[in-house]
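S.K.: If you scroll down you'll find the structure; I have some questions about it.
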Amino acid sequence: MRKAGWKRITGILFAAALLSGCAKQTYVEVTTAEETTVAATSAEIHIETATTEAEKVDPDQPPYYLPEERVEENGLIRSYLTGEMTDAAKANRRPVAVMMSNDKQALPQYGINRAGVVYEAPVEGDMNRYMSIIEDFDDLERIGSVRSCRTYYTYFAREFDAIYAHYGQSTFAKPYLNNVDNINGLEGIGSVAYYRSSDRKAPHNAYTSGPRLQQSIEKLGYSQVFDTSYQGHYLFARDGVTDLLADRPGVMAADTVKPGYTMNKAYFQYDPEDGLYHRYQYGGVHQGNEGPITVKNVIFQCCQMGHYATTEYLNINVHAAECGFFITGGQAIPISWEKDGEFGTTHYYDLEHNEIVLNQGKTWVCIIPTRDFDKIEITGKE
């Protein structure tokens with residue numbers, strides 16, 4: 001192993017692609033296994049080039065699946081969450097997006113291993129909370145613990161046309177629940193959708209289940225069919241295409257990536273043997289009830305953040321374009337993101353403004369305050 005060698009590219013390209021907020025931040029920690037930090041300013045990004053598997057794809061087709069190619073074959077269809085061929089009955093049904101606690105008293109999270117996509121975002125007091133988007137939930141007898149809504153999660157759920165399950169909400173979030181089909185534990189449906197376990201203390205003992213969610217959805221009259229305008233959230237690589245970032249501008253090795261969260265000190269460690277990022281927090285392996293948590297893709301999405309008045313409640317701006325990183329296959333690239341209107345999809349772009357293509361598999365999205373951009377660490381072997 002040796003120290004990283006850096007090649008310069010123009011700061012203009014990087015700043016333009018990352019738009020306003022992040023381009024003004026100081027640096028992101030990018031390190032080798034042998035050194036503590038190597039400061040990478042916005043004008044200094046590591047570039048590598050290599051032949052990718054995507055170049056072997058039929059030149060008449062893009063290296064990702066098109067919406068019109070999503071057709072059922074032998075009872076299977078491509079999942080909107082993972083891009084993998086999945087039981088059509090589940091993949092053609094709107095998923096549930098369940099708010100989950102990350103308090104130590106609530107661990108492990110039940111059902112989180114089934115999530116195709118997980119959003120992790122700060123709430124009050126340096127604590128994070130999860131929204132697990134799950135399509136394969138029918139046989140789960142325990143999901144949670146389920147916690148309350150925050151404003152920004154309503155937007156995340158709607159981007160996937162998901163049915164949002166939560167146990168209450170902040171005062172500031174309440175009006176936003178009108179914008180998304182939701183199952184609220186503090187309303188009449190709560191006794192149908194949720195139950196209290198005896199092995200945890202409140203507020204960490206509210207759980208739901210697959211049958212309870214299904215019963216609640218039917219009772220509330222929510223459609224389980226995707227809206228006709230919905231075409232999925234991500235672009236997924238075609239079968240056999242996995243080396244997605246080798247020729248992307250700003251590519252860097254990414255064996256260990258840290259979003260900079262202060263309380264749970266979360267990070268992801270790449271394992272080349274299985275091609276997955278293994279998640280760690282609170283000083284150890286992050287375990288769901290069905291085992292260690294692993295994902296194929298990690299997205300660091302920086303957002304402008306403030307507080308509602310003089311409260312501790314965060315006001316996270318999920319609409320103003322900002323920057324971040326896309327991480328997969330042991331590599332990372334800097335990205336920018338933009339949202340299609342108030343209720344549209346968030347799209348992520350590389351430095352040449354090409355929309356990123358994800359590897360097939362699970363994705364974890366870390367929402368990070370733009371002001372904490374310099375706390376991000378990306379460590380790799382060259």
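By convention in this document, the chains of the structure tokens carry letters A, B, ... by their order, each chain's residues are numbered from 1, and ligands are numbered from 1 in the order they are shown.
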What are the nearest atom pairs, with distances in Å to one decimal, for all residues of region 281-323 of chain A that come at most 8 Å from region 333-341 of chain A, using only C-alpha atoms, set out by chain and rising residue number as a tab-separated table?
M.R.:
residue	atom	partner	partner_atom	distance
A:Gln301	CA	A:Trp337	CA	7.7
A:Val318	CA	A:Lys339	CA	7.9
A:His319	CA	A:Lys339	CA	5.9
A:Ala320	CA	A:Glu338	CA	7.3
A:Ala321	CA	A:Glu338	CA	4.8
A:Glu322	CA	A:Ser336	CA	5.7
A:Cys323	CA	A:Ser336	CA	4.1
S.K.: So that I can check the surroundings of Gln331 (chain A), please list as a VMD selection string every protein, DNA and RNA residue that reaches within 9 Å of it, counting only C-alpha atoms and ignoring chain neighbours fewer than 6 positions away.
M.R.: chain A and resid 244 to 246 251 to 255 380
S.K.: For those residues, write C-alpha atoms to a file as a PDB file, in the first residue's frame.
M.R.:
ATOM      1  CA  LEU A 244     -19.617   1.598 -12.776  1.00  0.00           C
ATOM      2  CA  LEU A 245     -17.200   4.236 -11.519  1.00  0.00           C
ATOM      3  CA  ALA A 246     -13.757   3.353 -12.857  1.00  0.00           C
ATOM      4  CA  VAL A 251     -13.187   8.734  -8.911  1.00  0.00           C
ATOM      5  CA  MET A 252     -11.379   7.676  -5.741  1.00  0.00           C
ATOM      6  CA  ALA A 253     -10.890   4.451  -3.828  1.00  0.00           C
ATOM      7  CA  ALA A 254     -13.530   4.007  -1.128  1.00  0.00           C
ATOM      8  CA  ASP A 255     -12.940   1.049   1.149  1.00  0.00           C
ATOM      9  CA  GLY A 380      -9.153   3.839   0.216  1.00  0.00           C
TER      10      GLY A 380
END
S.K.: Calculated over only C-alpha atoms, which of the candidates A:Thr346, A:Gln231, A:Asn297, A:Ser145 has the smallest distance to Tyr195 (chain A)?
M.R.: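 Of the candidates, the smallest distance to Tyr195 (chain A) is held by A:Ser145.
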S.K.: For Asp103 (chain A), list every protein, DNA or RNA residue within 12 Å, evaluated using only C-alpha atoms, and leave out those in the same chain fewer than 4 positions away; present the list as a PyMOL selection string.
M.R.: chain A and resi 107-109+123-130+144-147+200-205+263-264+281-282
S.K.: Which one of A:Phe137, A:Tyr261, A:Tyr119, A:Tyr110 sits closest to Arg212 (chain A) if you count only C-alpha atoms?
M.R.: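 Closest candidate: A:Phe137.
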S.K.: So that I can check the secondary structure, give me every residue of region 82-249 of chain A assigned strand (DSSP E) by backbone DSSP, as a PyMOL selection string.
M.R.: chain A and resi 85-87+96-100+117-122+128-134+143-144+163-166+182-184+195-196+206-208
S.K.: Can you spit out the residues from that selection as a short mmCIF file (atom, residue, chain, number, x, y, z; two decimals), in the first residue's frame, using N, CA, C and O atoms?
M.R.:
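Okay, selection_1.cif is ready:
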data_model
loop_
_atom_site.label_atom_id
_atom_site.label_comp_id
_atom_site.auth_asym_id
_atom_site.auth_seq_id
_atom_site.Cartn_x
_atom_site.Cartn_y
_atom_site.Cartn_z
N MET A 85 -34.49 -8.76 -10.22
CA MET A 85 -35.72 -9.48 -10.55
C MET A 85 -36.34 -10.01 -9.26
O MET A 85 -35.68 -10.69 -8.48
N THR A 86 -37.61 -9.68 -9.06
CA THR A 86 -38.30 -9.92 -7.80
C THR A 86 -39.69 -10.46 -8.08
O THR A 86 -40.25 -10.23 -9.14
N ASP A 87 -40.24 -11.16 -7.11
CA ASP A 87 -41.62 -11.64 -7.21
C ASP A 87 -42.52 -10.49 -7.66
O ASP A 87 -42.61 -9.45 -7.01
N VAL A 96 -43.94 -0.10 1.59
CA VAL A 96 -44.17 0.67 2.80
C VAL A 96 -42.86 1.34 3.19
O VAL A 96 -41.78 0.78 2.98
N ALA A 97 -42.97 2.54 3.72
CA ALA A 97 -41.79 3.29 4.19
C ALA A 97 -41.97 3.49 5.69
O ALA A 97 -42.80 4.30 6.12
N VAL A 98 -41.24 2.73 6.48
CA VAL A 98 -41.46 2.67 7.93
C VAL A 98 -40.41 3.49 8.66
O VAL A 98 -39.20 3.27 8.51
N MET A 99 -40.87 4.44 9.50
CA MET A 99 -39.96 5.19 10.36
C MET A 99 -39.44 4.27 11.46
O MET A 99 -40.21 3.58 12.12
N MET A 100 -38.12 4.25 11.66
CA MET A 100 -37.51 3.37 12.65
C MET A 100 -36.56 4.14 13.56
O MET A 100 -35.85 5.04 13.12
N VAL A 117 -34.29 0.14 0.20
CA VAL A 117 -33.67 1.46 0.33
C VAL A 117 -33.88 1.92 1.77
O VAL A 117 -34.96 1.76 2.34
N VAL A 118 -32.83 2.49 2.37
CA VAL A 118 -32.92 3.08 3.70
C VAL A 118 -32.44 4.52 3.63
O VAL A 118 -31.39 4.79 3.04
N TYR A 119 -33.23 5.43 4.20
CA TYR A 119 -32.81 6.81 4.39
C TYR A 119 -32.42 6.99 5.85
O TYR A 119 -33.17 6.60 6.75
N GLU A 120 -31.26 7.58 6.08
CA GLU A 120 -30.81 7.92 7.42
C GLU A 120 -30.62 9.42 7.49
O GLU A 120 -29.88 10.00 6.69
N ALA A 121 -31.29 10.05 8.45
CA ALA A 121 -31.20 11.51 8.55
C ALA A 121 -31.19 11.92 10.01
O ALA A 121 -31.76 11.25 10.87
N PRO A 122 -30.54 13.04 10.32
CA PRO A 122 -30.52 13.54 11.69
C PRO A 122 -31.91 13.98 12.14
O PRO A 122 -32.73 14.45 11.34
N ASN A 128 -29.99 10.02 14.95
CA ASN A 128 -30.48 9.77 13.60
C ASN A 128 -31.71 8.88 13.66
O ASN A 128 -31.91 8.14 14.63
N ARG A 129 -32.49 8.95 12.63
CA ARG A 129 -33.66 8.09 12.52
C ARG A 129 -33.68 7.54 11.10
O ARG A 129 -33.18 8.16 10.17
N TYR A 130 -34.27 6.37 10.93
CA TYR A 130 -34.30 5.70 9.63
C TYR A 130 -35.70 5.68 9.03
O TYR A 130 -36.70 5.62 9.75
N MET A 131 -35.74 5.68 7.71
CA MET A 131 -36.95 5.31 6.99
C MET A 131 -36.59 4.13 6.10
O MET A 131 -35.78 4.26 5.18
N SER A 132 -37.16 2.98 6.42
CA SER A 132 -36.86 1.74 5.68
C SER A 132 -37.97 1.49 4.67
O SER A 132 -39.13 1.33 5.05
N ILE A 133 -37.59 1.45 3.40
CA ILE A 133 -38.58 1.24 2.34
C ILE A 133 -38.55 -0.24 1.96
O ILE A 133 -37.54 -0.76 1.48
N ILE A 134 -39.68 -0.91 2.19
CA ILE A 134 -39.73 -2.37 2.12
C ILE A 134 -40.86 -2.81 1.19
O ILE A 134 -42.00 -2.37 1.34
N ILE A 143 -41.90 -5.28 13.00
CA ILE A 143 -41.20 -4.26 12.22
C ILE A 143 -41.06 -3.02 13.10
O ILE A 143 -42.03 -2.50 13.63
N GLY A 144 -39.83 -2.53 13.26
CA GLY A 144 -39.64 -1.32 14.07
C GLY A 144 -38.43 -1.43 14.98
O GLY A 144 -37.52 -2.23 14.70
N ILE A 163 -46.19 4.00 0.85
CA ILE A 163 -47.15 4.26 1.92
C ILE A 163 -46.35 4.41 3.21
O ILE A 163 -45.61 3.51 3.60
N TYR A 164 -46.49 5.53 3.85
CA TYR A 164 -45.60 5.95 4.94
C TYR A 164 -46.18 5.54 6.30
O TYR A 164 -47.30 5.94 6.65
N ALA A 165 -45.43 4.73 7.05
CA ALA A 165 -45.87 4.25 8.36
C ALA A 165 -45.06 4.94 9.46
O ALA A 165 -43.83 4.85 9.48
N HIS A 166 -45.75 5.57 10.41
CA HIS A 166 -45.08 6.33 11.46
C HIS A 166 -45.97 6.35 12.70
O HIS A 166 -47.18 6.15 12.63
N ASN A 182 -50.45 7.82 4.48
CA ASN A 182 -49.70 7.47 5.68
C ASN A 182 -50.56 6.71 6.68
O ASN A 182 -51.79 6.82 6.70
N ILE A 183 -49.88 5.94 7.53
CA ILE A 183 -50.51 5.14 8.58
C ILE A 183 -49.96 5.66 9.90
O ILE A 183 -48.81 5.40 10.26
N ASN A 184 -50.79 6.41 10.63
CA ASN A 184 -50.35 7.15 11.81
C ASN A 184 -50.77 6.44 13.09
O ASN A 184 -51.96 6.18 13.32
N TYR A 195 -48.61 -2.25 17.71
CA TYR A 195 -48.77 -2.86 19.04
C TYR A 195 -47.55 -2.52 19.88
O TYR A 195 -46.50 -2.13 19.36
N ARG A 196 -47.69 -2.67 21.18
CA ARG A 196 -46.60 -2.42 22.11
C ARG A 196 -46.02 -3.75 22.58
O ARG A 196 -46.75 -4.64 23.01
N ALA A 206 -43.02 0.42 20.21
CA ALA A 206 -44.12 0.41 19.24
C ALA A 206 -43.66 -0.31 17.98
O ALA A 206 -42.67 0.07 17.36
N TYR A 207 -44.39 -1.33 17.61
CA TYR A 207 -44.04 -2.14 16.43
C TYR A 207 -45.26 -2.35 15.55
O TYR A 207 -46.41 -2.21 15.99
N THR A 208 -44.99 -2.68 14.31
CA THR A 208 -46.04 -3.11 13.40
C THR A 208 -45.64 -4.47 12.84
O THR A 208 -44.65 -5.07 13.26
#
S.K.: List as CSV every residue of region 265-378 of chain A that is in contact with region 59-63 of chain A, defined as an atom at most 12 Å from one of its atoms (using only C-alpha atoms), together with the nearest atom pair and the distance in Å rounded to one decimal, sorted by chain and then rising number.
M.R.:
residue,atom,partner,partner_atom,distance
A:Glu355,CA,A:Pro63,CA,11.9
A:Ile356,CA,A:Pro63,CA,10.9
A:Val357,CA,A:Pro63,CA,8.2
A:Leu358,CA,A:Pro63,CA,10.4
A:Asn359,CA,A:Pro63,CA,10.7
S.K.: Near Thr370 (chain A), within 9 Å and counting only C-alpha atoms, which residues show up once chain neighbours fewer than 2 positions away are dropped, as a compact mmCIF listing (two decimals) with C-alpha atoms, in the first residue's frame?
M.R.:
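Output contents, as saved in out10.txt:
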# COMPACT_ATOMS: atom_id res chain seq x y z
CA GLY A 21 -23.40 25.07 -0.88
CA CYS A 22 -20.83 22.28 -0.96
CA GLN A 25 -17.12 24.02 2.06
CA GLN A 301 -26.61 13.55 0.10
CA CYS A 302 -25.72 16.93 1.58
CA CYS A 303 -28.64 19.21 2.40
CA GLN A 304 -29.00 22.70 3.79
CA MET A 305 -30.29 22.50 7.35
CA GLU A 322 -26.51 20.51 -3.35
CA CYS A 323 -23.65 17.99 -3.52
CA GLY A 324 -22.53 14.66 -2.11
CA ILE A 368 -25.78 15.07 5.81
CA ASP A 372 -20.74 19.13 7.93
CA PHE A 373 -19.33 18.39 4.48
CA ASP A 374 -15.79 18.52 5.89
S.K.: Which one of A:Asn354, A:Thr345, A:Asn113, A:Asn289 sits closest to Tyr234 (chain A) if you count only C-alpha atoms?
M.R.: A:Thr345
S.K.: Work out how far CA of Gln287 (chain A) is from CA of Arg93 (chain A), in Å to one decimal.
M.R.: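 Separating CA of Arg93 (chain A) from CA of Gln287 (chain A) is a distance of 27.3 Å.
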